[in-house]
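Student: Next comes the structure file coords-v6.txt, holding compact mmCIF, C-alpha atoms.
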# COMPACT_ATOMS: atom_id res chain seq x y z
CA MET A 99 48.89 147.32 191.30
CA ALA A 100 51.69 147.19 193.77
CA GLN A 101 55.05 146.13 192.39
CA PRO A 102 56.11 142.67 193.50
CA GLU A 103 59.00 142.62 195.97
CA ARG A 104 62.20 143.10 193.97
CA PRO A 105 65.65 142.17 195.30
CA LEU A 106 67.72 145.11 196.47
CA SER A 107 71.38 145.75 195.70
CA PRO A 108 73.64 144.63 198.57
CA PHE A 109 74.58 148.22 199.52
CA MET A 110 70.87 149.06 200.01
CA GLN A 111 70.31 146.49 202.74
CA TYR A 112 73.63 145.60 204.38
CA ARG A 113 74.05 146.83 207.93
CA TRP A 114 76.97 149.25 208.37
CA GLN A 115 79.74 147.36 210.13
CA TYR A 116 83.49 147.17 210.56
CA THR A 117 84.03 145.10 207.39
CA ASN A 118 82.65 147.63 204.93
CA THR A 119 84.13 150.54 206.93
CA LEU A 120 87.64 149.09 206.59
CA SER A 121 86.97 148.19 202.95
CA ILE A 122 85.84 151.68 201.91
CA LEU A 123 88.72 153.16 203.93
CA HIS A 124 91.11 151.04 201.84
CA ARG A 125 89.66 152.62 198.70
CA ILE A 126 89.68 156.16 200.05
CA THR A 127 93.27 155.88 201.25
CA GLY A 128 94.20 154.37 197.87
CA ILE A 129 92.76 157.40 196.08
CA LEU A 130 94.56 159.76 198.48
CA LEU A 131 97.84 157.88 197.92
CA SER A 132 97.38 158.31 194.16
CA LEU A 133 97.24 162.07 194.80
CA CYS A 134 100.33 161.76 197.02
CA PHE A 135 102.13 160.19 194.06
CA PHE A 136 101.83 163.51 192.24
CA VAL A 137 103.25 165.26 195.32
CA LEU A 138 106.18 162.81 195.32
CA VAL A 139 106.84 163.56 191.63
CA TYR A 140 106.64 167.30 192.33
CA TRP A 141 109.17 166.93 195.15
CA LEU A 142 111.55 164.84 193.00
CA ALA A 143 111.26 167.21 190.03
CA ALA A 144 111.95 170.19 192.31
CA ALA A 145 115.03 168.47 193.74
CA ALA A 146 116.26 167.79 190.18
CA SER A 147 115.73 171.45 189.21
CA GLY A 148 118.26 172.82 191.66
CA PRO A 149 118.41 174.29 195.18
CA GLU A 150 116.19 177.35 194.49
CA ARG A 151 113.29 175.37 193.03
CA TYR A 152 113.73 172.81 195.80
CA ALA A 153 113.53 175.52 198.46
CA THR A 154 110.33 176.85 196.88
CA ALA A 155 108.81 173.37 196.82
CA LEU A 156 109.81 172.72 200.42
CA ALA A 157 108.22 176.00 201.52
CA ALA A 158 105.02 175.08 199.65
CA LEU A 159 104.92 171.58 201.18
CA GLY A 160 105.62 173.01 204.65
CA SER A 161 102.88 175.66 204.50
CA PRO A 162 100.17 175.37 207.20
CA LEU A 163 97.53 174.47 204.60
CA VAL A 164 99.53 171.59 203.13
CA VAL A 165 100.97 170.00 206.28
CA PRO A 166 97.59 168.55 207.45
CA LEU A 167 97.20 167.03 203.97
CA LEU A 168 100.64 165.43 204.32
CA LEU A 169 99.55 164.01 207.68
CA GLY A 170 96.50 162.56 205.91
CA GLY A 171 98.81 161.15 203.25
CA LEU A 172 101.02 159.53 205.89
CA PHE A 173 97.99 157.95 207.57
CA SER A 174 96.76 156.77 204.16
CA PHE A 175 100.12 155.15 203.54
CA CYS A 176 100.17 153.38 206.92
CA TYR A 177 96.58 152.15 206.66
CA HIS A 178 96.79 151.09 203.01
CA LEU A 179 100.07 149.26 203.74
CA LEU A 180 98.74 147.33 206.77
CA ASN A 181 95.29 146.62 205.35
CA GLY A 182 96.91 145.76 202.01
CA ILE A 183 99.01 143.08 203.73
CA ARG A 184 95.73 141.83 205.24
CA HIS A 185 94.26 141.63 201.74
CA LEU A 186 97.31 139.73 200.46
CA PHE A 187 96.86 137.12 203.19
CA TRP A 188 93.20 136.77 202.17
CA ASP A 189 94.22 136.39 198.53
CA ALA A 190 96.54 133.57 199.60
CA GLY A 191 93.57 131.94 201.35
CA TYR A 192 94.39 132.74 204.99
CA GLY A 193 92.56 134.67 207.70
CA PHE A 194 88.99 134.43 206.46
CA GLU A 195 87.60 133.09 209.77
CA LEU A 196 85.48 135.81 211.37
CA PRO A 197 87.42 136.07 214.68
CA VAL A 198 90.71 136.24 212.74
CA ALA A 199 89.36 138.79 210.24
CA ARG A 200 88.03 140.91 213.12
CA LYS A 201 91.39 140.82 214.93
CA SER A 202 93.39 141.61 211.78
CA GLY A 203 90.99 144.47 211.02
CA TRP A 204 91.53 146.00 214.45
CA ALA A 205 95.28 145.43 214.09
CA ALA A 206 95.33 147.26 210.74
CA ALA A 207 93.24 150.19 212.01
CA ILE A 208 95.00 150.66 215.37
CA GLY A 209 98.39 149.83 213.86
CA ALA A 210 97.90 152.51 211.22
CA VAL A 211 97.04 155.18 213.83
CA VAL A 212 100.01 154.21 216.03
CA LEU A 213 102.45 154.00 213.08
CA THR A 214 101.24 157.38 211.77
CA ALA A 215 101.71 158.98 215.19
CA VAL A 216 105.21 157.51 215.66
CA LEU A 217 106.37 158.52 212.16
CA TRP A 218 104.85 162.00 212.49
CA ILE A 219 106.61 162.56 215.82
CA VAL A 220 109.93 161.27 214.44
CA LEU A 221 109.63 163.41 211.29
CA GLY A 222 108.50 166.43 213.32
CA ALA A 223 111.47 165.98 215.67
CA SER A 224 113.85 165.94 212.70
CA LEU A 225 112.27 169.18 211.47
CA GLY A 226 112.76 170.79 214.90
CA GLY A 227 116.38 169.66 214.91
CA ALA A 228 117.03 171.14 211.47
CA ALA A 229 115.48 174.52 212.25
CA MET B 77 87.83 127.38 175.98
CA SER B 78 85.49 130.22 176.75
CA LEU B 79 82.57 129.81 179.10
CA ARG B 80 80.85 132.89 177.69
CA SER B 81 77.73 132.41 175.65
CA PRO B 82 77.82 133.52 171.99
CA LEU B 83 74.95 135.95 172.68
CA GLY B 84 76.79 137.49 175.63
CA ARG B 85 79.89 137.88 173.48
CA VAL B 86 78.00 139.60 170.66
CA LEU B 87 76.27 141.98 173.09
CA GLY B 88 79.59 142.71 174.80
CA LEU B 89 78.24 141.63 178.18
CA GLY B 90 80.23 140.11 180.99
CA SER B 91 84.00 140.16 181.21
CA ALA B 92 85.40 140.86 177.78
CA LYS B 93 88.78 142.04 179.05
CA GLY B 94 91.77 140.73 180.91
CA GLY B 95 90.26 140.61 184.40
CA SER B 96 92.53 137.97 185.91
CA GLY B 97 95.67 139.61 184.51
CA HIS B 98 94.57 142.90 186.09
CA TRP B 99 93.88 141.21 189.42
CA TYR B 100 97.26 139.43 189.39
CA SER B 101 99.24 142.58 188.45
CA GLN B 102 97.53 144.47 191.28
CA ARG B 103 98.79 141.86 193.79
CA VAL B 104 102.33 141.62 192.38
CA THR B 105 102.74 145.41 192.48
CA ALA B 106 101.24 145.41 196.00
CA VAL B 107 103.95 143.01 197.23
CA ALA B 108 106.64 145.14 195.55
CA LEU B 109 105.20 148.29 197.13
CA VAL B 110 105.29 146.79 200.64
CA ILE B 111 109.09 146.79 200.20
CA LEU B 112 109.46 149.98 198.13
CA GLY B 113 107.03 152.02 200.25
CA SER B 114 108.66 150.94 203.50
CA TRP B 115 112.07 151.80 202.06
CA PHE B 116 110.84 155.26 201.05
CA ILE B 117 109.32 156.06 204.45
CA ALA B 118 112.49 154.79 206.16
CA SER B 119 114.53 157.04 203.83
CA LEU B 120 112.34 160.04 204.69
CA VAL B 121 112.91 159.36 208.39
CA MET B 122 116.70 159.13 207.81
CA LEU B 123 116.73 162.29 205.70
CA GLY B 124 114.40 164.10 208.09
CA ALA B 125 111.44 166.30 207.22
CA GLY B 126 112.56 169.39 205.37
CA ALA B 127 115.83 167.74 204.33
CA SER B 128 118.28 170.04 202.55
CA HIS B 129 118.76 169.95 198.78
CA ALA B 130 122.26 168.54 199.27
CA ALA B 131 120.93 165.74 201.48
CA VAL B 132 118.26 164.70 198.94
CA THR B 133 120.60 164.79 195.92
CA GLY B 134 123.31 163.01 197.90
CA TRP B 135 120.79 160.31 198.82
CA LEU B 136 119.76 159.76 195.16
CA HIS B 137 123.40 159.77 194.00
CA SER B 138 123.75 156.32 195.53
CA PRO B 139 122.94 153.71 192.83
CA PHE B 140 120.89 151.66 195.30
CA SER B 141 118.68 154.60 196.27
CA ALA B 142 118.31 155.66 192.64
CA VAL B 143 117.18 152.19 191.55
CA MET B 144 114.77 151.93 194.48
CA ALA B 145 113.36 155.40 193.71
CA LEU B 146 112.92 154.52 190.01
CA LEU B 147 111.10 151.32 190.99
CA LEU B 148 108.98 153.22 193.52
CA VAL B 149 107.85 155.76 190.91
CA ALA B 150 107.16 153.18 188.18
CA VAL B 151 105.43 150.57 190.37
CA THR B 152 103.37 153.17 192.27
CA ALA B 153 102.10 154.65 189.00
CA TYR B 154 101.13 151.21 187.72
CA HIS B 155 99.48 150.14 191.00
CA ALA B 156 97.60 153.45 191.22
CA GLN B 157 96.39 153.08 187.65
CA LEU B 158 95.10 149.56 188.34
CA GLY B 159 93.38 150.61 191.56
CA LEU B 160 91.82 153.83 190.23
CA GLN B 161 90.57 151.90 187.21
CA VAL B 162 88.60 149.55 189.48
CA VAL B 163 87.17 152.51 191.42
CA CYS B 164 86.09 154.21 188.17
CA GLU B 165 84.59 151.01 186.78
CA ASP B 166 82.58 150.59 189.99
CA TYR B 167 81.21 154.12 190.27
CA ILE B 168 81.04 155.57 186.74
CA SER B 169 78.14 153.81 185.04
CA ASP B 170 78.09 155.93 181.85
CA LYS B 171 80.33 154.10 179.39
CA GLY B 172 81.49 157.21 177.52
CA ALA B 173 82.36 159.15 180.67
CA ARG B 174 84.10 156.09 182.09
CA LEU B 175 86.28 155.71 179.00
CA VAL B 176 87.24 159.40 179.05
CA VAL B 177 88.16 159.28 182.76
CA LEU B 178 90.12 156.03 182.41
CA VAL B 179 92.15 157.33 179.46
CA ALA B 180 92.76 160.67 181.21
CA LEU B 181 93.95 158.83 184.34
CA LYS B 182 96.35 156.70 182.30
CA PHE B 183 97.76 159.76 180.54
CA ALA B 184 98.19 161.67 183.81
CA LEU B 185 99.91 158.76 185.57
CA VAL B 186 102.24 157.98 182.66
CA VAL B 187 103.26 161.65 182.35
CA ALA B 188 103.80 161.94 186.12
CA ALA B 189 105.81 158.69 186.20
CA LEU B 190 108.06 159.88 183.35
CA ILE B 191 108.63 163.24 185.08
CA GLY B 192 109.53 161.38 188.29
CA ILE B 193 111.86 158.96 186.49
CA LEU B 194 113.60 161.79 184.61
CA ALA B 195 114.04 163.70 187.88
CA VAL B 196 115.62 160.71 189.64
CA LEU B 197 117.95 160.07 186.67
CA ARG B 198 119.02 163.73 186.50
CA ILE B 199 119.90 163.68 190.20
CA ALA B 200 121.55 160.24 189.99
CA PHE B 201 123.77 161.31 187.09
CA GLY B 202 124.58 164.56 188.82
CA ALA B 203 123.00 166.95 186.33
CA GLN B 204 121.79 169.74 188.56
CA ALA B 205 120.38 172.77 186.77
Could you render the structure from this file as structure tokens?
Tutor:
Amino acid sequence: MAQPERPLSPFMQYRWQYTNTLSILHRITGILLSLCFFVLVYWLAAAASGPERYATALAALGSPLVVPLLLGGLFSFCYHLLNGIRHLFWDAGYGFELPVARKSGWAAAIGAVVLTAVLWIVLGASLGGAA
Amino acid sequence: MSLRSPLGRVLGLGSAKGGSGHWYSQRVTAVALVILGSWFIASLVMLGAGASHAAVTGWLHSPFSAVMALLLVAVTAYHAQLGLQVVCEDYISDKGARLVVLVALKFALVVAALIGILAVLRIAFGAQA
């Protein structure tokens, strides 16, 4: 006997669209930012341990393998910040209308890319100036 | 008054924990982190990437920066714990494994937060090894 039709979990049948993309991106960037927290603590602890330890930490953080991860961390910060503000507006009961939600979604995504690029260029310029 | 059925309570089904308190704390820490996170990124831009040891310690010698940094470390650890807990609860279905991961996450974040707080205090009070 064939099984009667059973309801499927939402994730089995929902079409992939911008809403769930932005939602899962919020989670992924949140997890990455949690990892960045440990980097922040490492940096602070190195600074507290004196100039030699700090220099070692700075060299480790500036190594070619780590710098792309820091760029990812910066993007995670920018996206999680902007999309988090979007979430706070929703929690307060604003911005649920589809056209508004679509616009704020685009604003968070594009804003995060632009903000990341601007901050990366500014930070990179400061590095060039120091060297 | 509880809306949970006696059977559900005995079986431990449904929300048996402090769900709304968790939700509310997540939002309050989020609002705080909008300010603290923006302050930290602005500070990084002012200090510059690859800032010298003297620049970083000088920055944290200011009482304002030290307090902001302490808040950043403490609130970030709490917000991360709340967020990672939700992720674990969503994706780890095995109750034993979930408990182990949640406790391990709490331990790791508390230890990291205390290391960060101690580091900021050592710099703020000028104790440089």
Student: Of the candidates A:Lys201, A:Tyr192, A:Leu167, A:Gly182, which one gets nearest to Ser121 of chain A if we count all atoms listed in the file?
Tutor: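 The closest residue to Ser121 of chain A is A:Gly182.
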Student: Could you write out as a list of chain:residue names the residues of chain A within 6 Å of chain B, counting only C-alpha atoms?
Tutor: A:Ser132, A:Val139, A:Leu142, A:Ala143, A:Ala146, A:Ser147, A:Gly148, A:Pro149, A:Leu221, A:Ser224, A:Leu225
Student: Figure out the distance between atom CA of Glu165 of chain B and atom CA of Gln115 of chain A, please, to one decimal in Å.
Tutor: 24.1 Å
Student: With distances taken over only C-alpha atoms, which of B:Gln102, B:Gln161, B:Ser169, B:Ser78 is nearest to His185 of chain A?
Tutor: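 Answer, going by the shortest atom-to-atom distance: B:Gln102.
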Student: Find, counting all atoms listed in the file, the residue in B:Arg80, B:Lys171, B:Arg85, B:His98 that gets nearest to Tyr154 of chain B.
Tutor: B:His98
Student: Please report the interatomic distance between atom CA of Leu123 of chain A and atom CA of Thr214 of chain A in Å with one decimal.
Tutor: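 We find that atom CA of Leu123 of chain A and atom CA of Thr214 of chain A lie 15.4 Å from each other.
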Student: List as a compact mmCIF listing (two decimals) with C-alpha atoms, in the frame of the given file the protein and nucleic acid residues near Val177 of chain B, meaning an atom at most 9 Å away when only C-alpha atoms are counted, but skip any in the same chain fewer than 5 places from it.
Tutor:
# COMPACT_ATOMS: atom_id res chain seq x y z
CA GLN B 161 90.57 151.90 187.21
CA CYS B 164 86.09 154.21 188.17
CA ILE B 168 81.04 155.57 186.74
CA GLY B 172 81.49 157.21 177.52
CA LYS B 182 96.35 156.70 182.30
Student: Go through A:Ala157, A:Leu186, A:Ala144, A:Cys176 one by one, measure the shortest atom-to-atom distance of each to Ala207 of chain A using all atoms listed in the file, and give the residue with the smallest value.
Tutor: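 The answer is A:Cys176, which sits nearest to Ala207 of chain A.
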Student: Could you list, as a PyMOL selection string, every residue within 8 Å of Gly171 of chain A, counting all atoms listed in the file and ignoring same-chain residues fewer than 2 positions away?
Tutor: chain A and resi 127+130-131+134+167-169+173-175
Student: May I have the selected residues written with C-alpha atoms, as a CSV table (one decimal), keeping the file's coordinate frame?
Tutor:
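Dumped everything to selection_18.csv:
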chain,number,residue,atom,x,y,z
A,127,THR,CA,93.3,155.9,201.2
A,130,LEU,CA,94.6,159.8,198.5
A,131,LEU,CA,97.8,157.9,197.9
A,134,CYS,CA,100.3,161.8,197.0
A,167,LEU,CA,97.2,167.0,204.0
A,168,LEU,CA,100.6,165.4,204.3
A,169,LEU,CA,99.6,164.0,207.7
A,173,PHE,CA,98.0,158.0,207.6
A,174,SER,CA,96.8,156.8,204.2
A,175,PHE,CA,100.1,155.2,203.5
Student: Residues near Leu159 of chain A, anyone? I mean within 10 Å using only C-alpha atoms, not counting same-chain ones fewer than 3 positions away, as a compact mmCIF listing (two decimals) with C-alpha atoms, keeping the file's coordinate frame.
Tutor:
# COMPACT_ATOMS: atom_id res chain seq x y z
CA VAL A 137 103.25 165.26 195.32
CA TYR A 140 106.64 167.30 192.33
CA TRP A 141 109.17 166.93 195.15
CA ALA A 153 113.53 175.52 198.46
CA THR A 154 110.33 176.85 196.88
CA ALA A 155 108.81 173.37 196.82
CA LEU A 156 109.81 172.72 200.42
CA PRO A 162 100.17 175.37 207.20
CA LEU A 163 97.53 174.47 204.60
CA VAL A 164 99.53 171.59 203.13
CA VAL A 165 100.97 170.00 206.28
CA LEU A 167 97.20 167.03 203.97
CA LEU A 168 100.64 165.43 204.32
CA GLY B 126 112.56 169.39 205.37
